[in-house]
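Raw coords-v2.pdb, PDB, C-alpha atoms:
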ATOM      1  CA  MET V  82      44.156   2.257   2.190
ATOM      2  CA  ILE V  83      44.257   1.546  -1.530
ATOM      3  CA  MET V  84      41.566   3.833  -2.956
ATOM      4  CA  MET V  85      40.384   6.637  -0.683
ATOM      5  CA  ASN V  86      42.880   9.335   0.245
ATOM      6  CA  ASN V  87      42.755  11.292   3.499
ATOM      7  CA  ASN V  88      41.538  14.506   1.863
ATOM      8  CA  LEU V  89      38.426  12.761   0.572
ATOM      9  CA  ARG V  90      37.724  11.283   4.001
ATOM     10  CA  VAL V  91      38.011  14.712   5.584
ATOM     11  CA  PHE V  92      35.757  16.170   2.866
ATOM     12  CA  ILE V  93      33.018  13.593   3.531
ATOM     13  CA  ASN V  94      33.185  14.292   7.262
ATOM     14  CA  VAL V  95      33.028  18.085   6.816
ATOM     15  CA  ALA V  96      30.120  17.771   4.375
ATOM     16  CA  GLU V  97      28.148  15.576   6.777
ATOM     17  CA  SER V  98      28.922  17.547   9.942
ATOM     18  CA  GLY V  99      28.783  20.996   8.332
ATOM     19  CA  SER V 100      31.701  22.089  10.453
ATOM     20  CA  PHE V 101      35.491  22.178  10.278
ATOM     21  CA  THR V 102      35.642  22.199  14.075
ATOM     22  CA  ALA V 103      33.382  19.162  14.487
ATOM     23  CA  THR V 104      35.433  17.275  11.897
ATOM     24  CA  ALA V 105      38.681  18.136  13.665
ATOM     25  CA  ASN V 106      37.272  16.873  16.978
ATOM     26  CA  GLU V 107      35.899  13.669  15.458
ATOM     27  CA  LEU V 108      39.072  12.826  13.524
ATOM     28  CA  TYR V 109      41.419  13.945  16.328
ATOM     29  CA  ILE V 110      43.280  16.398  14.118
ATOM     30  CA  SER V 111      43.685  20.168  14.228
ATOM     31  CA  GLN V 112      41.264  22.561  12.547
ATOM     32  CA  PRO V 113      44.061  23.954  10.317
ATOM     33  CA  ALA V 114      44.719  20.367   9.176
ATOM     34  CA  VAL V 115      41.066  20.088   8.140
ATOM     35  CA  SER V 116      41.283  23.390   6.258
ATOM     36  CA  ARG V 117      44.456  22.252   4.476
ATOM     37  CA  ALA V 118      42.852  18.965   3.444
ATOM     38  CA  ILE V 119      39.840  20.719   1.920
ATOM     39  CA  LYS V 120      42.052  23.317   0.213
ATOM     40  CA  ALA V 121      44.299  20.583  -1.204
ATOM     41  CA  LEU V 122      41.281  18.686  -2.567
ATOM     42  CA  GLU V 123      39.823  21.853  -4.107
ATOM     43  CA  ASP V 124      43.191  22.633  -5.720
ATOM     44  CA  GLU V 125      43.491  19.091  -7.047
ATOM     45  CA  LEU V 126      39.970  19.086  -8.507
ATOM     46  CA  LYS V 127      40.081  22.793  -9.481
ATOM     47  CA  VAL V 128      36.598  23.431  -8.047
ATOM     48  CA  LYS V 129      35.098  25.146  -5.009
ATOM     49  CA  LEU V 130      33.509  22.571  -2.699
ATOM     50  CA  PHE V 131      31.976  24.823  -0.010
ATOM     51  CA  PHE V 132      30.812  28.360   0.503
ATOM     52  CA  ARG V 133      29.969  30.142   3.742
ATOM     53  CA  ASP V 134      26.512  31.555   4.352
ATOM     54  CA  LYS V 135      26.039  34.045   7.215
ATOM     55  CA  ARG V 136      22.752  32.461   8.239
ATOM     56  CA  ASN V 137      23.273  28.763   7.477
ATOM     57  CA  GLY V 138      27.033  28.398   7.885
ATOM     58  CA  LEU V 139      29.054  26.001   5.709
ATOM     59  CA  ILE V 140      27.157  24.854   2.596
ATOM     60  CA  LEU V 141      28.167  22.538  -0.252
ATOM     61  CA  THR V 142      28.352  24.054  -3.718
ATOM     62  CA  ASP V 143      26.431  22.347  -6.522
ATOM     63  CA  VAL V 144      29.569  20.583  -7.721
ATOM     64  CA  GLY V 145      30.460  19.829  -4.102
ATOM     65  CA  GLN V 146      27.178  17.923  -3.714
ATOM     66  CA  LYS V 147      27.943  15.861  -6.813
ATOM     67  CA  ILE V 148      31.470  15.090  -5.626
ATOM     68  CA  LEU V 149      30.140  14.116  -2.177
ATOM     69  CA  LEU V 150      27.882  11.510  -3.779
ATOM     70  CA  LEU V 151      30.820  10.098  -5.754
ATOM     71  CA  ALA V 152      33.066  10.151  -2.682
ATOM     72  CA  ARG V 153      30.477   8.154  -0.719
ATOM     73  CA  GLN V 154      30.312   5.648  -3.558
ATOM     74  CA  MET V 155      34.101   5.350  -3.483
ATOM     75  CA  ALA V 156      34.023   4.772   0.286
ATOM     76  CA  ALA V 157      31.322   2.136  -0.122
ATOM     77  CA  LEU V 158      33.291   0.434  -2.909
ATOM     78  CA  GLU V 159      36.447   0.408  -0.803
ATOM     79  CA  ASN V 160      34.447  -1.077   2.075
ATOM     80  CA  ARG V 161      33.140  -3.828  -0.217
ATOM     81  CA  MET V 162      36.639  -4.542  -1.491
ATOM     82  CA  TYR V 163      38.138  -5.023   1.970
ATOM     83  CA  GLN V 164      35.154  -7.046   3.173
ATOM     84  CA  THR V 165      35.521  -9.313   0.137
ATOM     85  CA  ALA V 166      39.172  -9.849   1.015
ATOM     86  CA  PHE V 167      38.283 -10.575   4.644
ATOM     87  CA  LEU V 168      35.621 -13.025   3.481
ATOM     88  CA  GLU V 169      38.193 -14.866   1.366
ATOM     89  CA  ASN V 170      40.176 -15.370   4.560
ATOM     90  CA  ASN V 171      37.057 -16.647   6.374
ATOM     91  CA  LEU V 172      36.705 -13.418   8.375
ATOM     92  CA  GLN V 173      33.244 -11.855   8.274
ATOM     93  CA  SER V 174      33.944  -8.266   9.265
ATOM     94  CA  GLY V 175      32.902  -4.689   8.542
ATOM     95  CA  THR V 176      30.137  -2.196   9.274
ATOM     96  CA  VAL V 177      26.563  -2.298   8.014
ATOM     97  CA  LYS V 178      24.479   0.889   8.008
ATOM     98  CA  ILE V 179      20.706   0.433   7.822
ATOM     99  CA  ALA V 180      18.113   3.168   7.317
ATOM    100  CA  ALA V 181      14.861   2.152   8.997
ATOM    101  CA  ARG V 182      11.517   3.512  10.045
ATOM    102  CA  PRO V 183      11.349   3.334  13.874
ATOM    103  CA  VAL V 184       8.312   1.050  13.791
ATOM    104  CA  LEU V 185      10.210  -1.383  11.552
ATOM    105  CA  THR V 186      13.203  -1.322  13.878
ATOM    106  CA  SER V 187      10.856  -2.492  16.636
ATOM    107  CA  ALA V 188       8.900  -4.976  14.529
ATOM    108  CA  ILE V 189      11.640  -6.521  12.379
ATOM    109  CA  LEU V 190      15.217  -5.617  13.297
ATOM    110  CA  SER V 191      14.581  -6.443  16.944
ATOM    111  CA  GLN V 192      13.751  -9.995  15.824
ATOM    112  CA  VAL V 193      16.974 -10.609  13.881
ATOM    113  CA  LEU V 194      19.675  -8.307  15.236
ATOM    114  CA  GLY V 195      20.513 -10.313  18.362
ATOM    115  CA  SER V 196      21.014 -13.612  16.549
ATOM    116  CA  PHE V 197      22.896 -11.885  13.720
ATOM    117  CA  ARG V 198      25.388 -10.333  16.138
ATOM    118  CA  LYS V 199      25.948 -13.690  17.823
ATOM    119  CA  GLU V 200      26.659 -15.374  14.490
ATOM    120  CA  TYR V 201      28.776 -12.522  13.102
ATOM    121  CA  PRO V 202      30.367 -10.800  16.135
ATOM    122  CA  ASN V 203      32.900  -8.903  14.006
ATOM    123  CA  ILE V 204      30.217  -7.137  11.961
ATOM    124  CA  SER V 205      28.958  -3.940  13.559
ATOM    125  CA  VAL V 206      25.458  -2.724  12.692
ATOM    126  CA  GLU V 207      24.402   0.935  12.726
ATOM    127  CA  ILE V 208      20.703   1.818  12.500
ATOM    128  CA  ILE V 209      19.649   5.287  11.365
ATOM    129  CA  GLU V 210      15.947   6.033  11.875
ATOM    130  CA  GLY V 211      13.780   8.620  10.161
ATOM    131  CA  GLU V 212      10.812   9.283   7.875
ATOM    132  CA  SER V 213      10.377   7.409   4.581
ATOM    133  CA  MET V 214      11.343  10.231   2.194
ATOM    134  CA  GLU V 215      14.414  11.075   4.274
ATOM    135  CA  LEU V 216      15.476   7.425   4.431
ATOM    136  CA  ASN V 217      15.011   6.907   0.685
ATOM    137  CA  ARG V 218      17.263   9.903   0.050
ATOM    138  CA  MET V 219      19.936   8.475   2.364
ATOM    139  CA  ILE V 220      19.820   5.156   0.509
ATOM    140  CA  GLU V 221      20.006   6.855  -2.905
ATOM    141  CA  GLU V 222      22.963   8.995  -1.774
ATOM    142  CA  HIS V 223      24.847   5.947  -0.401
ATOM    143  CA  GLN V 224      24.841   7.245   3.167
ATOM    144  CA  VAL V 225      23.643   3.774   4.231
ATOM    145  CA  ASP V 226      23.933   0.286   2.768
ATOM    146  CA  PHE V 227      20.217  -0.497   2.548
ATOM    147  CA  GLY V 228      16.882   0.414   4.075
ATOM    148  CA  LEU V 229      13.893  -1.086   5.806
ATOM    149  CA  THR V 230      10.968   1.081   4.741
ATOM    150  CA  PHE V 231       7.352   1.338   3.663
ATOM    151  CA  SER V 232       6.244   1.859   0.075
ATOM    152  CA  PRO V 233       6.487   3.869  -2.108
ATOM    153  CA  PHE V 234      10.085   2.937  -2.954
ATOM    154  CA  GLY V 235      10.684   5.182  -5.970
ATOM    155  CA  GLU V 236      13.612   3.992  -8.095
ATOM    156  CA  LEU V 237      15.049   1.775  -5.362
ATOM    157  CA  GLU V 238      15.214  -2.002  -5.711
ATOM    158  CA  HIS V 239      13.083  -3.697  -3.083
ATOM    159  CA  LYS V 240      12.399  -7.167  -1.694
ATOM    160  CA  PRO V 241       8.993  -7.406   0.049
ATOM    161  CA  LEU V 242       8.619  -8.635   3.631
ATOM    162  CA  ARG V 243       4.927  -8.107   4.353
ATOM    163  CA  ASN V 244       1.852  -6.042   3.471
ATOM    164  CA  ASP V 245       0.315  -3.338   5.615
ATOM    165  CA  GLN V 246      -2.603  -0.905   5.354
ATOM    166  CA  THR V 247      -3.686   2.507   6.557
ATOM    167  CA  ILE V 248      -6.421   2.437   9.203
ATOM    168  CA  ALA V 249      -8.449   4.844  11.326
ATOM    169  CA  ILE V 250      -8.573   4.653  15.132
ATOM    170  CA  SER V 251     -10.842   6.258  17.714
ATOM    171  CA  ASN V 252     -11.600   6.045  21.441
ATOM    172  CA  THR V 253     -15.323   5.740  20.635
ATOM    173  CA  PRO V 254     -17.041   3.186  18.358
ATOM    174  CA  PHE V 255     -17.259   3.927  14.639
ATOM    175  CA  GLU V 256     -20.493   3.799  12.685
ATOM    176  CA  THR V 257     -20.921   0.147  11.700
ATOM    177  CA  GLY V 258     -20.005  -0.682   8.099
ATOM    178  CA  LYS V 259     -18.948   2.837   7.196
ATOM    179  CA  PRO V 260     -15.213   3.453   6.515
ATOM    180  CA  VAL V 261     -13.615   6.738   7.492
ATOM    181  CA  ASN V 262     -13.549   9.039   4.456
ATOM    182  CA  LEU V 263     -10.115  10.651   4.154
ATOM    183  CA  GLU V 264     -11.621  13.471   2.109
ATOM    184  CA  GLU V 265     -13.892  14.609   4.965
ATOM    185  CA  ASN V 266     -13.462  15.996   8.500
ATOM    186  CA  HIS V 267      -9.799  16.951   8.005
ATOM    187  CA  GLU V 268      -9.791  19.134  11.107
ATOM    188  CA  ASN V 269     -10.635  16.073  13.229
ATOM    189  CA  TYR V 270      -7.816  13.856  11.895
ATOM    190  CA  ILE V 271      -4.506  13.162  13.615
ATOM    191  CA  LEU V 272      -1.688  11.780  11.455
ATOM    192  CA  CYS V 273       2.037  11.263  11.712
ATOM    193  CA  GLN V 274       4.156  12.788   8.944
ATOM    194  CA  SER V 275       4.964   9.394   7.448
ATOM    195  CA  ALA V 276       1.244   8.640   7.051
ATOM    196  CA  VAL V 277       0.759  11.942   5.208
ATOM    197  CA  GLU V 278       3.658  11.070   2.874
ATOM    198  CA  THR V 279       2.264   7.586   2.216
ATOM    199  CA  ILE V 280      -1.265   8.798   1.508
ATOM    200  CA  ARG V 281      -0.001  11.505  -0.840
ATOM    201  CA  ALA V 282       2.143   9.016  -2.744
ATOM    202  CA  SER V 283      -0.707   6.503  -2.974
ATOM    203  CA  LEU V 284      -3.557   8.822  -3.934
ATOM    204  CA  GLY V 285      -1.637  11.381  -5.996
ATOM    205  CA  SER V 286      -3.843  14.239  -7.158
ATOM    206  CA  LYS V 287      -6.812  12.726  -5.282
ATOM    207  CA  CYS V 288      -5.044  13.118  -1.949
ATOM    208  CA  PRO V 289      -6.773  15.461   0.536
ATOM    209  CA  GLY V 290      -4.729  18.403   1.717
ATOM    210  CA  PHE V 291      -4.855  17.737   5.484
ATOM    211  CA  ALA V 292      -4.176  21.456   5.907
ATOM    212  CA  HIS V 293      -6.380  21.586   9.008
ATOM    213  CA  SER V 294      -5.390  18.194  10.415
ATOM    214  CA  THR V 295      -3.030  17.638  13.337
ATOM    215  CA  VAL V 296       0.282  16.244  12.039
ATOM    216  CA  VAL V 297       2.846  14.854  14.506
ATOM    217  CA  LYS V 298       6.181  13.078  14.284
ATOM    218  CA  GLN V 299       5.555   9.583  15.664
ATOM    219  CA  PRO V 300       2.634   7.105  15.440
ATOM    220  CA  GLU V 301       2.848   6.639  19.219
ATOM    221  CA  THR V 302       1.882  10.309  19.573
ATOM    222  CA  VAL V 303      -1.117   9.767  17.292
ATOM    223  CA  ILE V 304      -2.306   6.960  19.578
ATOM    224  CA  LYS V 305      -1.826   9.049  22.747
ATOM    225  CA  LEU V 306      -3.770  11.972  21.272
ATOM    226  CA  VAL V 307      -6.604   9.688  20.177
ATOM    227  CA  GLU V 308      -6.689   8.164  23.666
ATOM    228  CA  GLY V 309      -7.058  11.727  24.984
ATOM    229  CA  CYS V 310     -10.170  12.307  22.848
ATOM    230  CA  CYS V 311      -8.373  14.718  20.513
ATOM    231  CA  GLY V 312      -9.710  13.264  17.236
ATOM    232  CA  ILE V 313      -9.535  10.327  14.825
ATOM    233  CA  GLY V 314      -6.093   8.856  14.193
ATOM    234  CA  ILE V 315      -4.901   7.820  10.722
ATOM    235  CA  LEU V 316      -1.861   5.524  10.693
ATOM    236  CA  SER V 317      -0.485   2.183   9.546
ATOM    237  CA  GLU V 318      -1.995  -0.966  11.027
ATOM    238  CA  LEU V 319       1.454  -2.274  11.980
ATOM    239  CA  ALA V 320       2.284   0.868  13.965
ATOM    240  CA  PHE V 321      -1.060   0.566  15.731
ATOM    241  CA  LEU V 322      -0.647  -3.120  16.624
ATOM    242  CA  LEU V 323       2.793  -2.588  18.122
ATOM    243  CA  ASN V 324       1.341  -0.263  20.764
ATOM    244  CA  ASP V 325      -0.896  -1.583  23.546
ATOM    245  CA  ASN V 326      -4.232   0.242  23.619
ATOM    246  CA  ASN V 327      -7.986  -0.297  23.716
ATOM    247  CA  LEU V 328      -8.957   1.913  20.784
ATOM    248  CA  TYR V 329     -11.517   1.130  18.092
ATOM    249  CA  VAL V 330     -10.321   0.409  14.545
ATOM    250  CA  ASN V 331     -11.917   1.117  11.178
ATOM    251  CA  THR V 332     -10.958   1.008   7.512
ATOM    252  CA  VAL V 333     -10.407   4.155   5.452
ATOM    253  CA  SER V 334     -11.674   5.265   2.080
ATOM    254  CA  PRO V 335     -10.012   5.471  -0.384
ATOM    255  CA  GLU V 336      -7.978   2.435   0.670
ATOM    256  CA  VAL V 337      -4.245   3.052   1.135
ATOM    257  CA  ASP V 338      -2.255  -0.188   1.050
ATOM    258  CA  LEU V 339       1.373  -0.343   2.127
ATOM    259  CA  GLU V 340       4.263  -2.738   1.571
ATOM    260  CA  VAL V 341       7.192  -3.314   3.915
ATOM    261  CA  ALA V 342      10.443  -4.176   2.153
ATOM    262  CA  VAL V 343      14.214  -4.211   2.268
ATOM    263  CA  THR V 344      15.378  -1.521  -0.178
ATOM    264  CA  ALA V 345      18.704  -0.710  -1.835
ATOM    265  CA  VAL V 346      20.153   1.099  -4.817
ATOM    266  CA  SER V 347      21.411  -2.295  -5.988
ATOM    267  CA  PHE V 348      21.344  -5.550  -4.051
ATOM    268  CA  GLU V 349      24.126  -6.898  -6.280
ATOM    269  CA  GLU V 350      26.421  -4.076  -5.170
ATOM    270  CA  LEU V 351      25.965  -4.553  -1.429
ATOM    271  CA  SER V 352      29.111  -5.236   0.564
ATOM    272  CA  PRO V 353      29.509  -8.819   1.838
ATOM    273  CA  ALA V 354      28.559  -7.758   5.375
ATOM    274  CA  ALA V 355      25.531  -5.768   4.188
ATOM    275  CA  LYS V 356      24.445  -8.652   1.972
ATOM    276  CA  LEU V 357      24.665 -11.030   4.949
ATOM    277  CA  MET V 358      22.435  -8.733   6.995
ATOM    278  CA  ALA V 359      19.930  -8.106   4.189
ATOM    279  CA  ASP V 360      19.745 -11.822   3.382
ATOM    280  CA  THR V 361      19.206 -12.618   7.063
ATOM    281  CA  ILE V 362      16.184 -10.299   7.145
ATOM    282  CA  ILE V 363      14.799 -11.518   3.814
ATOM    283  CA  GLU V 364      15.353 -15.237   4.500
ATOM    284  CA  GLN V 365      13.611 -14.937   7.849
ATOM    285  CA  GLY V 366      10.726 -13.054   6.274
ATOM    286  CA  GLU V 367       8.285 -15.892   6.778
ATOM    287  CA  ARG V 368       9.182 -16.218  10.448
ATOM    288  CA  ILE V 369       8.953 -12.446  10.856
ATOM    289  CA  ARG V 370       5.479 -12.420   9.331
ATOM    290  CA  LYS V 371       4.385 -14.994  11.903
ATOM    291  CA  ILE V 372       5.847 -12.996  14.778
ATOM    292  CA  MET V 373       4.493  -9.654  13.642
ATOM    293  CA  PRO V 374       0.868  -8.922  14.487
TER     294      PRO V 374
END
Let me see the file written as structure tokens.
Amino acid sequence: MIMMNNNLRVFINVAESGSFTATANELYISQPAVSRAIKALEDELKVKLFFRDKRNGLILTDVGQKILLLARQMAALENRMYQTAFLENNLQSGTVKIAARPVLTSAILSQVLGSFRKEYPNISVEIIEGESMELNRMIEEHQVDFGLTFSPFGELEHKPLRNDQTIAISNTPFETGKPVNLEENHENYILCQSAVETIRASLGSKCPGFAHSTVVKQPETVIKLVEGCCGIGILSELAFLLNDNNLYVNTVSPEVDLEVAVTAVSFEELSPAAKLMADTIIEQGERIRKIMP
């Protein structure tokens, strides 16, 4: 390889796994070889990259965190360089890492991934799912190429795919013409963590605390709990429509609108393979909107 040396590769792996042993197993080298690589890099840079904590194990130092971010950028740049060379030789190749909300994997990536793999069989696609704040951090820290997330997008560049909104659901009819007030009946609300994050970002200081609400991990769990008469669910309309159910739907007040978009630190700096994948999603946006409920 032209740019990245082996010590940096080992450092990235140790930082992400939090373990010398796990790195040795993954890279098929000995644990002493991992230790030597980290020691050599620390000697070269004249800084301490890790410290050991009795409770939490191996932890990056402050400067180690900064160097990890730069090392990931170097790895991404090297990846772009080789993909550009492959492209010049009419070989679309490489790996694309996408951070996506699970509901968007189901609604959007499932519609484009099959045809993309058929057209570009030498490009492998990795999908990492999680909550919006976690995914935004991964994008910002160059752990992935780009994301497929809900607003808010922070400082990330974004290209919209469709609009969405926050709704209320119940297994009994709502009072006609009266939206569900997010500032009332907190103890009766069921939300997934992503909905809490979205509402907080949208309403700011006006956001209710939800201290007495039931907060779960996935929107599917919200729907199951509402079906079991456990309360009123608050979630995105898209997440609701992707799950078969016979629940009643209502608007919420204050309104919380969402936007679904492809997000990146910089679309201009995407690798050729990542740009192909992002463009495939964006260019098929109109078709996706017709397929999505």
Select, from V:Gly314, V:Pro241, V:Pro353, V:Gly195, the residue with the minimum atom-to-atom distance to Asp226 of chain V, counting all atoms listed in the file. V:Pro353
Contact residues around segment 284-288 of chain V with all atoms listed in the file at 10 Å, ignoring same-chain residues under 2 positions, as a count of residues only: 12
Set the distance at 10 Å and use only C-alpha atoms: which residues neighbour His223 of chain V once local chain neighbours fewer than 6 positions away are removed? I'd like the list as JSON, numbers by chain. {"V": [149, 150, 151, 152, 153, 154, 155, 156, 157, 178, 217, 345, 346]}
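Note that atom CA of Glu159 of chain V and atom CA of Lys147 of chain V are 18.6 Å apart.
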Interatomic distance, atom CA of Ser317 of chain V to atom CA of Leu357 of chain V (Å, one decimal): 28.8 Å
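Atom CA of Glu215 of chain V is positioned 24.6 Å from atom CA of Phe101 of chain V.
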Picked residues, the PyMOL selection byres ((chain V and resi 352) around 8), as a list in words: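 Against this file, the PyMOL selection byres ((chain V and resi 352) around 8) returns the residues Ala157, Leu158, Asn160, Arg161, Met162, Gln164, Thr165, Asp226, Glu350, Leu351, Pro353, Ala354, Ala355 and Lys356 of chain V.
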Can you pull out every residue within 7 Å of segment 133-146 of chain V, counting all atoms listed in the file, but drop anything in the same chain fewer than 2 positions away, and send it as a list in words?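 Listed by chain and then number, they are Ala96, Gly99, Ser100, Lys129, Leu130, Phe131, Ile148, Leu149 and Leu150 of chain V.
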If we count only C-alpha atoms and set the cut-off at 8 Å, which residues sit around segment 298-308 of chain V, ignoring sequence neighbours fewer than 6 positions away in its own chain? Please answer as a PyMOL selection string. chain V and resi 250-252+271-275+314-316+320-321+324+328
Any chance you could resolve the PyMOL selection byres ((chain V and resi 108) around 12) against this file and give the residues as an MDAnalysis selection string? chainID V and resid 87 90:95 98 101:107 109:112 114:115
Residues picked by the PyMOL selection byres ((chain V and resi 197) around 12) here, as a PyMOL selection string? chain V and resi 173+177+190-196+198-206+354-355+357-362+365
Nearest residue to Ser213 of chain V out of V:Ala180, V:Ala118, V:Leu242, V:Leu323, using only C-alpha atoms?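 Closest to Ser213 of chain V of all the choices is V:Ala180.
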Here is a test: counting only C-alpha atoms, which residue of V:Ala292, V:Ile313, V:Ile363, V:Leu237 is nearest to Glu222 of chain V?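 The answer is V:Leu237, which sits nearest to Glu222 of chain V.
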Distance criterion (all atoms listed in the file): nearest to Lys259 of chain V out of V:Thr332, V:Ser116, V:Asn88, V:Thr295: V:Thr332
Using all atoms listed in the file for the distances, tell me which of V:Asn86, V:Thr186, V:Asn262, V:Thr176 is nearest to Leu122 of chain V.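 Result for the nearest residue to Leu122 of chain V: V:Asn86.
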Residue among V:Leu216, V:Ala342, V:Ile208, V:Gly312 lying closest to Thr253 of chain V, counting only C-alpha atoms: V:Gly312
